[in-house]
Amino acid sequence: MSEKIRHGTLGGGAWIGNRPSCYTPAQTLRYLNFIKLDLGISEDDISKGSVPTSLEHLTLLVQRSLLAISWENTSMHYSEKHSMDVSPLGMYEHAVVRRKGGSYCFGLNSMLVNVLLALGYRAYSGAARVRESIIPTETETYTTLSHEVIFVQPVPQSNTTYLVDIGFGSAGLVRPILLSNQESNEVHGVCSSELHRLTRAPFELSSIDTNKGASHEIKWHLEVLRQHSGKDDPSEPRWRTLYAFSEEEFYPKDFEAASFVASQMPSPKGLFWSNLVAVRLFVLKDLGLLGLGQIGHGRIEETGSGFDMARMILIGRELKCNIGDGTILIKTFSNEAERINTLRDVFGVALDDNDSEYIVGRAAAIVAT
């Protein structure tokens, strides 16, 4: 049974307080330059706390970050220590200063939340359990608290709250979504055929015995819908849960610990342990710069933000393009050199050819056939 309707606020109408960022005004401005976003502000504006905050600017920050930084786990496999530095300062050094590449959710969202705090947004990080079962009719199974999300109150003198997430990869949000389970609360993904919504429902794995008078353990659920032209079967479930989360606040040490588990604990069924993955968003007109200008099957329409976007997705041996309502296989890699070249050229990951030695013997390695 669904929870009562929430209209865009945290439980009890809670307000998020202002708190400091670990980034200096100079670092924050450098991040904005890195993602090619000119808000017309200076270091002095940031220092004085006089930067105007708004939903419009928050949306730009989210989308420009997605276009500039790849979601990827290459450091797990192509580095000597096989580790991912997801601390806010370590992630900033890796992505913005050294321009080595991106990260997965813990690094990307930890960096973004500190940029938001530096700009005067009221925000904090939460944690989610990712739904492991892919088919909507399957029994639900979830990961540990393996995903970071951000709660933001962007409007001054208002407790209206949005969920922000630049770290989910191939099916995630590309704009803020109001923290509401109203039926009308849907936002577009990379195109008009991809939608996201929030629901509230009892968590299926909860051990709470409601027959004894206790209330259900209610969780938020982020869901995605991908419509396919002329292919939808009305009898099949249309919406798929991506992850479930509460409104509890989590902290950098929580995410550093979760990242250690994801990157260092052997998990044969784990996405990151068994695969090398990378996702990056592109404005459609920029696909031509990759030599991919001719791809474009499926329905491609305005997202409502002025962007037509596509996802380039690398998983294992394959490079695909998720565009409109279709997915196109671009290339199958036969060796590590081909994959490393693509990671450099398409995803902006700074790898050396000899980094391939570190993946030898790992589950994610390409085995020559």
# chains A, B, ... in the order shown; residues from 1 in each chain; ligands from 1

$ residues_around --residues "range 157-160 of chain A" --least-positions-apart "6" --cutoff "6 Å" --atoms "only C-alpha atoms" --output "PyMOL selection string"
chain A and resi 8-9+15

$ residues_around --residues "Val149 in chain A" --least-positions-apart "5" --cutoff "10 Å" --atoms "only C-alpha atoms" --output "list in words"
Cys105, Phe106, Leu108, Asn109, Ser110, Val113, Tyr124, Ser125, Gly126, Ala127, Ala128, Leu163, Val164, Asp165, Ile166, Gly167, Phe168, Phe245, Glu247, Glu249 and Phe250 of chain A

$ closest_residue --among "A:Trp71, A:Tyr31, A:Tyr78, A:Trp273" --to "Glu357 in chain A" --atoms "only C-alpha atoms"
A:Tyr78

$ closest_atom_pairs --of "range 42-149 of chain A" --to "range 187-200 of chain A" --cutoff "12 Å" --atoms "only C-alpha atoms" --output "CSV"
residue,atom,partner,partner_atom,distance
A:Thr59,CA,A:Val187,CA,11.8
A:Gln63,CA,A:Val190,CA,10.0
A:Leu66,CA,A:Val190,CA,10.9
A:Leu67,CA,A:Val190,CA,11.3

$ write_last_selection --atoms "C-alpha atoms" --output "tab-separated table (two decimals), in the first residue's frame"
chain	number	residue	atom	x	y	z
A	59	THR	CA	19.42	22.26	-13.09
A	63	GLN	CA	23.37	18.90	-16.50
A	66	LEU	CA	26.89	15.24	-16.38
A	67	LEU	CA	28.15	16.51	-19.73

$ atom_distance --atom1 "CA of Thr143 in chain A" --atom2 "CA of Arg129 in chain A"
5.3 Å

$ atom_distance --atom1 "CA of Leu37 in chain A" --atom2 "CA of Ala350 in chain A"
22.4 Å

$ residues_around --residues "Gln153 in chain A" --least-positions-apart "2" --cutoff "12 Å" --atoms "only C-alpha atoms" --output "ChimeraX atom specification"
/A:8-10,13-18,53-55,58,113,116-117,120-124,150-151,155-164,176-179

$ residues_around --residues "Ala364 in chain A" --least-positions-apart "3" --cutoff "7 Å" --atoms "only C-alpha atoms" --output "count of residues only"
4

$ closest_residue --among "A:Met265, A:Ala337, A:Ala365, A:Ala95" --to "Asp353 in chain A" --atoms "only C-alpha atoms"
A:Ala337

$ select_by_dssp --residues "range 13-149 of chain A" --states "strand (DSSP E or B)" --output "NGL selection string"
:A and (71-72 or 103 or 122-131 or 142-149)

$ write_last_selection --atoms "C-alpha atoms" --output "compact mmCIF listing (two decimals), in the first residue's frame"
# COMPACT_ATOMS: atom_id res chain seq x y z
CA TRP A 71 30.54 8.06 -14.47
CA GLU A 72 33.20 5.34 -14.44
CA SER A 103 34.16 8.31 -10.65
CA ARG A 122 21.12 24.12 1.50
CA ALA A 123 21.91 20.47 0.84
CA TYR A 124 22.98 17.17 2.37
CA SER A 125 23.76 13.64 1.20
CA GLY A 126 21.65 10.52 1.66
CA ALA A 127 22.17 6.85 0.86
CA ALA A 128 20.17 4.38 -1.23
CA ARG A 129 19.87 0.66 -1.83
CA VAL A 130 20.02 -0.15 -5.54
CA ARG A 131 17.48 -2.63 -6.88
CA TYR A 142 18.57 -4.81 -3.16
CA THR A 143 22.21 -4.01 -2.54
CA THR A 144 23.65 -2.64 0.67
CA LEU A 145 23.58 1.15 1.04
CA SER A 146 25.73 1.41 -2.06
CA HIS A 147 24.54 4.65 -3.66
CA GLU A 148 24.80 8.33 -2.73
CA VAL A 149 22.06 10.88 -3.45

$ select_by_dssp --residues "range 237-341 of chain A" --states "helix (DSSP H, G or I)" --output "number ranges by chain"
A: 252-264, 271-274, 284-290, 336-341

$ closest_residue --among "A:Ala278, A:Leu119, A:Val51, A:Ala68" --to "Tyr104 in chain A" --atoms "only C-alpha atoms"
A:Ala278

$ closest_residue --among "A:Met111, A:Ala118, A:Val97, A:Ile366" --to "Ile46 in chain A" --atoms "only C-alpha atoms"
A:Ala118

$ decode --residues "range 97-244 of chain A" --atoms "C-alpha atoms" --output "PDB file, in the first residue's frame"
ATOM      1  CA  VAL A  97      42.898  19.588 -11.230  1.00  0.00           C
ATOM      2  CA  ARG A  98      44.580  16.564 -12.827  1.00  0.00           C
ATOM      3  CA  ARG A  99      41.725  15.869 -15.270  1.00  0.00           C
ATOM      4  CA  LYS A 100      42.198  12.135 -14.887  1.00  0.00           C
ATOM      5  CA  GLY A 101      38.533  11.205 -15.322  1.00  0.00           C
ATOM      6  CA  GLY A 102      35.385  10.708 -13.303  1.00  0.00           C
ATOM      7  CA  SER A 103      34.156   8.307 -10.650  1.00  0.00           C
ATOM      8  CA  TYR A 104      31.062   6.456  -9.544  1.00  0.00           C
ATOM      9  CA  CYS A 105      28.312   7.936  -7.348  1.00  0.00           C
ATOM     10  CA  PHE A 106      30.344   8.433  -4.185  1.00  0.00           C
ATOM     11  CA  GLY A 107      32.953  10.584  -5.900  1.00  0.00           C
ATOM     12  CA  LEU A 108      30.631  12.478  -8.250  1.00  0.00           C
ATOM     13  CA  ASN A 109      27.899  13.326  -5.744  1.00  0.00           C
ATOM     14  CA  SER A 110      30.364  14.074  -2.916  1.00  0.00           C
ATOM     15  CA  MET A 111      32.023  16.632  -5.173  1.00  0.00           C
ATOM     16  CA  LEU A 112      28.743  18.142  -6.359  1.00  0.00           C
ATOM     17  CA  VAL A 113      27.253  18.526  -2.876  1.00  0.00           C
ATOM     18  CA  ASN A 114      30.317  20.499  -1.787  1.00  0.00           C
ATOM     19  CA  VAL A 115      30.068  22.739  -4.851  1.00  0.00           C
ATOM     20  CA  LEU A 116      26.416  23.351  -3.966  1.00  0.00           C
ATOM     21  CA  LEU A 117      27.295  24.181  -0.360  1.00  0.00           C
ATOM     22  CA  ALA A 118      29.998  26.600  -1.497  1.00  0.00           C
ATOM     23  CA  LEU A 119      27.446  28.377  -3.703  1.00  0.00           C
ATOM     24  CA  GLY A 120      25.044  28.772  -0.797  1.00  0.00           C
ATOM     25  CA  TYR A 121      22.618  25.915  -1.489  1.00  0.00           C
ATOM     26  CA  ARG A 122      21.124  24.122   1.501  1.00  0.00           C
ATOM     27  CA  ALA A 123      21.914  20.475   0.836  1.00  0.00           C
ATOM     28  CA  TYR A 124      22.979  17.173   2.365  1.00  0.00           C
ATOM     29  CA  SER A 125      23.762  13.635   1.204  1.00  0.00           C
ATOM     30  CA  GLY A 126      21.649  10.523   1.663  1.00  0.00           C
ATOM     31  CA  ALA A 127      22.167   6.846   0.860  1.00  0.00           C
ATOM     32  CA  ALA A 128      20.171   4.381  -1.228  1.00  0.00           C
ATOM     33  CA  ARG A 129      19.867   0.659  -1.829  1.00  0.00           C
ATOM     34  CA  VAL A 130      20.020  -0.151  -5.535  1.00  0.00           C
ATOM     35  CA  ARG A 131      17.482  -2.630  -6.884  1.00  0.00           C
ATOM     36  CA  GLU A 132      19.390  -5.628  -8.238  1.00  0.00           C
ATOM     37  CA  SER A 133      16.516  -7.380 -10.006  1.00  0.00           C
ATOM     38  CA  ILE A 134      16.142  -5.901 -13.494  1.00  0.00           C
ATOM     39  CA  ILE A 135      12.749  -7.252 -14.599  1.00  0.00           C
ATOM     40  CA  PRO A 136       9.880  -5.448 -12.783  1.00  0.00           C
ATOM     41  CA  THR A 137       8.009  -8.706 -12.126  1.00  0.00           C
ATOM     42  CA  GLU A 138      10.966 -10.364 -10.369  1.00  0.00           C
ATOM     43  CA  THR A 139      11.150 -10.644  -6.591  1.00  0.00           C
ATOM     44  CA  GLU A 140      12.887  -7.506  -5.410  1.00  0.00           C
ATOM     45  CA  THR A 141      16.470  -7.773  -4.197  1.00  0.00           C
ATOM     46  CA  TYR A 142      18.573  -4.811  -3.162  1.00  0.00           C
ATOM     47  CA  THR A 143      22.212  -4.011  -2.538  1.00  0.00           C
ATOM     48  CA  THR A 144      23.648  -2.643   0.671  1.00  0.00           C
ATOM     49  CA  LEU A 145      23.585   1.155   1.045  1.00  0.00           C
ATOM     50  CA  SER A 146      25.732   1.413  -2.062  1.00  0.00           C
ATOM     51  CA  HIS A 147      24.539   4.646  -3.658  1.00  0.00           C
ATOM     52  CA  GLU A 148      24.803   8.332  -2.732  1.00  0.00           C
ATOM     53  CA  VAL A 149      22.064  10.880  -3.451  1.00  0.00           C
ATOM     54  CA  ILE A 150      21.650  14.574  -2.605  1.00  0.00           C
ATOM     55  CA  PHE A 151      18.732  16.460  -1.052  1.00  0.00           C
ATOM     56  CA  VAL A 152      18.644  20.158  -1.989  1.00  0.00           C
ATOM     57  CA  GLN A 153      16.458  23.102  -1.002  1.00  0.00           C
ATOM     58  CA  PRO A 154      17.363  25.560  -3.791  1.00  0.00           C
ATOM     59  CA  VAL A 155      14.782  28.299  -3.255  1.00  0.00           C
ATOM     60  CA  PRO A 156      15.606  30.960  -0.629  1.00  0.00           C
ATOM     61  CA  GLN A 157      13.183  31.110   2.309  1.00  0.00           C
ATOM     62  CA  SER A 158      11.534  27.848   1.237  1.00  0.00           C
ATOM     63  CA  ASN A 159      11.730  24.249   2.435  1.00  0.00           C
ATOM     64  CA  THR A 160      10.746  22.873  -0.983  1.00  0.00           C
ATOM     65  CA  THR A 161      13.119  19.956  -1.502  1.00  0.00           C
ATOM     66  CA  TYR A 162      14.548  18.251  -4.591  1.00  0.00           C
ATOM     67  CA  LEU A 163      16.426  15.009  -5.142  1.00  0.00           C
ATOM     68  CA  VAL A 164      19.634  15.404  -7.157  1.00  0.00           C
ATOM     69  CA  ASP A 165      21.854  12.589  -8.451  1.00  0.00           C
ATOM     70  CA  ILE A 166      24.656  12.761 -11.040  1.00  0.00           C
ATOM     71  CA  GLY A 167      26.073   9.351 -10.167  1.00  0.00           C
ATOM     72  CA  PHE A 168      23.721   6.592 -11.280  1.00  0.00           C
ATOM     73  CA  GLY A 169      25.068   5.966 -14.764  1.00  0.00           C
ATOM     74  CA  SER A 170      22.972   4.547 -17.572  1.00  0.00           C
ATOM     75  CA  ALA A 171      19.421   5.204 -16.320  1.00  0.00           C
ATOM     76  CA  GLY A 172      19.797   7.986 -13.801  1.00  0.00           C
ATOM     77  CA  LEU A 173      18.341  11.437 -13.367  1.00  0.00           C
ATOM     78  CA  VAL A 174      19.589  14.269 -15.561  1.00  0.00           C
ATOM     79  CA  ARG A 175      17.799  17.042 -13.655  1.00  0.00           C
ATOM     80  CA  PRO A 176      16.468  17.667 -10.131  1.00  0.00           C
ATOM     81  CA  ILE A 177      13.169  16.013  -9.246  1.00  0.00           C
ATOM     82  CA  LEU A 178      10.777  17.394  -6.642  1.00  0.00           C
ATOM     83  CA  LEU A 179      10.683  15.233  -3.508  1.00  0.00           C
ATOM     84  CA  SER A 180       7.046  14.339  -4.071  1.00  0.00           C
ATOM     85  CA  ASN A 181       5.080  11.203  -4.842  1.00  0.00           C
ATOM     86  CA  GLN A 182       2.278  13.098  -6.557  1.00  0.00           C
ATOM     87  CA  GLU A 183       1.235  11.280  -9.712  1.00  0.00           C
ATOM     88  CA  SER A 184       1.996  14.330 -11.851  1.00  0.00           C
ATOM     89  CA  ASN A 185       5.573  14.604 -10.566  1.00  0.00           C
ATOM     90  CA  GLU A 186       7.499  13.215 -13.540  1.00  0.00           C
ATOM     91  CA  VAL A 187      10.655  14.606 -15.161  1.00  0.00           C
ATOM     92  CA  HIS A 188      12.289  13.828 -18.493  1.00  0.00           C
ATOM     93  CA  GLY A 189      15.537  11.915 -18.716  1.00  0.00           C
ATOM     94  CA  VAL A 190      17.883  12.286 -21.676  1.00  0.00           C
ATOM     95  CA  CYS A 191      14.891  12.502 -24.026  1.00  0.00           C
ATOM     96  CA  SER A 192      11.105  12.684 -23.904  1.00  0.00           C
ATOM     97  CA  SER A 193      10.754   8.894 -24.089  1.00  0.00           C
ATOM     98  CA  GLU A 194      12.597   8.495 -20.765  1.00  0.00           C
ATOM     99  CA  LEU A 195      10.812   9.549 -17.570  1.00  0.00           C
ATOM    100  CA  HIS A 196      11.573   9.464 -13.855  1.00  0.00           C
ATOM    101  CA  ARG A 197       9.212   9.643 -10.897  1.00  0.00           C
ATOM    102  CA  LEU A 198       9.240   9.138  -7.125  1.00  0.00           C
ATOM    103  CA  THR A 199       6.939   6.821  -5.188  1.00  0.00           C
ATOM    104  CA  ARG A 200       6.617   5.989  -1.494  1.00  0.00           C
ATOM    105  CA  ALA A 201       5.856   2.456  -0.388  1.00  0.00           C
ATOM    106  CA  PRO A 202       6.710  -0.106   2.292  1.00  0.00           C
ATOM    107  CA  PHE A 203      10.183  -1.533   1.800  1.00  0.00           C
ATOM    108  CA  GLU A 204       9.638  -5.097   0.619  1.00  0.00           C
ATOM    109  CA  LEU A 205      12.528  -6.572   2.615  1.00  0.00           C
ATOM    110  CA  SER A 206      11.457  -5.039   5.948  1.00  0.00           C
ATOM    111  CA  SER A 207      11.061  -7.400   8.930  1.00  0.00           C
ATOM    112  CA  ILE A 208       8.553  -5.143  10.701  1.00  0.00           C
ATOM    113  CA  ASP A 209       5.418  -7.115  11.652  1.00  0.00           C
ATOM    114  CA  THR A 210       2.558  -4.777  10.827  1.00  0.00           C
ATOM    115  CA  ASN A 211       0.061  -7.244  12.327  1.00  0.00           C
ATOM    116  CA  LYS A 212       1.348  -6.199  15.775  1.00  0.00           C
ATOM    117  CA  GLY A 213       0.310  -2.615  15.206  1.00  0.00           C
ATOM    118  CA  ALA A 214       3.651  -1.284  14.012  1.00  0.00           C
ATOM    119  CA  SER A 215       3.762   0.949  10.956  1.00  0.00           C
ATOM    120  CA  HIS A 216       5.410  -0.009   7.696  1.00  0.00           C
ATOM    121  CA  GLU A 217       8.987   0.985   6.995  1.00  0.00           C
ATOM    122  CA  ILE A 218       8.241   3.475   4.216  1.00  0.00           C
ATOM    123  CA  LYS A 219      10.932   4.276   1.651  1.00  0.00           C
ATOM    124  CA  TRP A 220      11.182   6.608  -1.285  1.00  0.00           C
ATOM    125  CA  HIS A 221      11.651   4.804  -4.606  1.00  0.00           C
ATOM    126  CA  LEU A 222      13.116   6.400  -7.732  1.00  0.00           C
ATOM    127  CA  GLU A 223      11.580   4.780 -10.812  1.00  0.00           C
ATOM    128  CA  VAL A 224      12.325   5.000 -14.521  1.00  0.00           C
ATOM    129  CA  LEU A 225      10.125   4.483 -17.577  1.00  0.00           C
ATOM    130  CA  ARG A 226      11.517   4.005 -21.057  1.00  0.00           C
ATOM    131  CA  GLN A 227       8.900   4.185 -23.772  1.00  0.00           C
ATOM    132  CA  HIS A 228       9.535   2.502 -27.111  1.00  0.00           C
ATOM    133  CA  SER A 229       7.677   3.669 -30.201  1.00  0.00           C
ATOM    134  CA  GLY A 230       4.995   1.133 -31.095  1.00  0.00           C
ATOM    135  CA  LYS A 231       6.560  -1.537 -28.877  1.00  0.00           C
ATOM    136  CA  ASP A 232       4.883  -1.025 -25.502  1.00  0.00           C
ATOM    137  CA  ASP A 233       2.874  -3.964 -24.173  1.00  0.00           C
ATOM    138  CA  PRO A 234       0.076  -2.597 -21.934  1.00  0.00           C
ATOM    139  CA  SER A 235       0.049  -5.858 -19.958  1.00  0.00           C
ATOM    140  CA  GLU A 236       3.680  -5.450 -18.833  1.00  0.00           C
ATOM    141  CA  PRO A 237       4.792  -3.266 -15.913  1.00  0.00           C
ATOM    142  CA  ARG A 238       6.080  -0.013 -17.340  1.00  0.00           C
ATOM    143  CA  TRP A 239       7.925   1.567 -14.428  1.00  0.00           C
ATOM    144  CA  ARG A 240      11.088   0.043 -12.955  1.00  0.00           C
ATOM    145  CA  THR A 241      12.530   0.879  -9.533  1.00  0.00           C
ATOM    146  CA  LEU A 242      16.155   2.044  -9.642  1.00  0.00           C
ATOM    147  CA  TYR A 243      16.758   2.465  -5.921  1.00  0.00           C
ATOM    148  CA  ALA A 244      15.099   2.948  -2.530  1.00  0.00           C
TER     149      ALA A 244
END
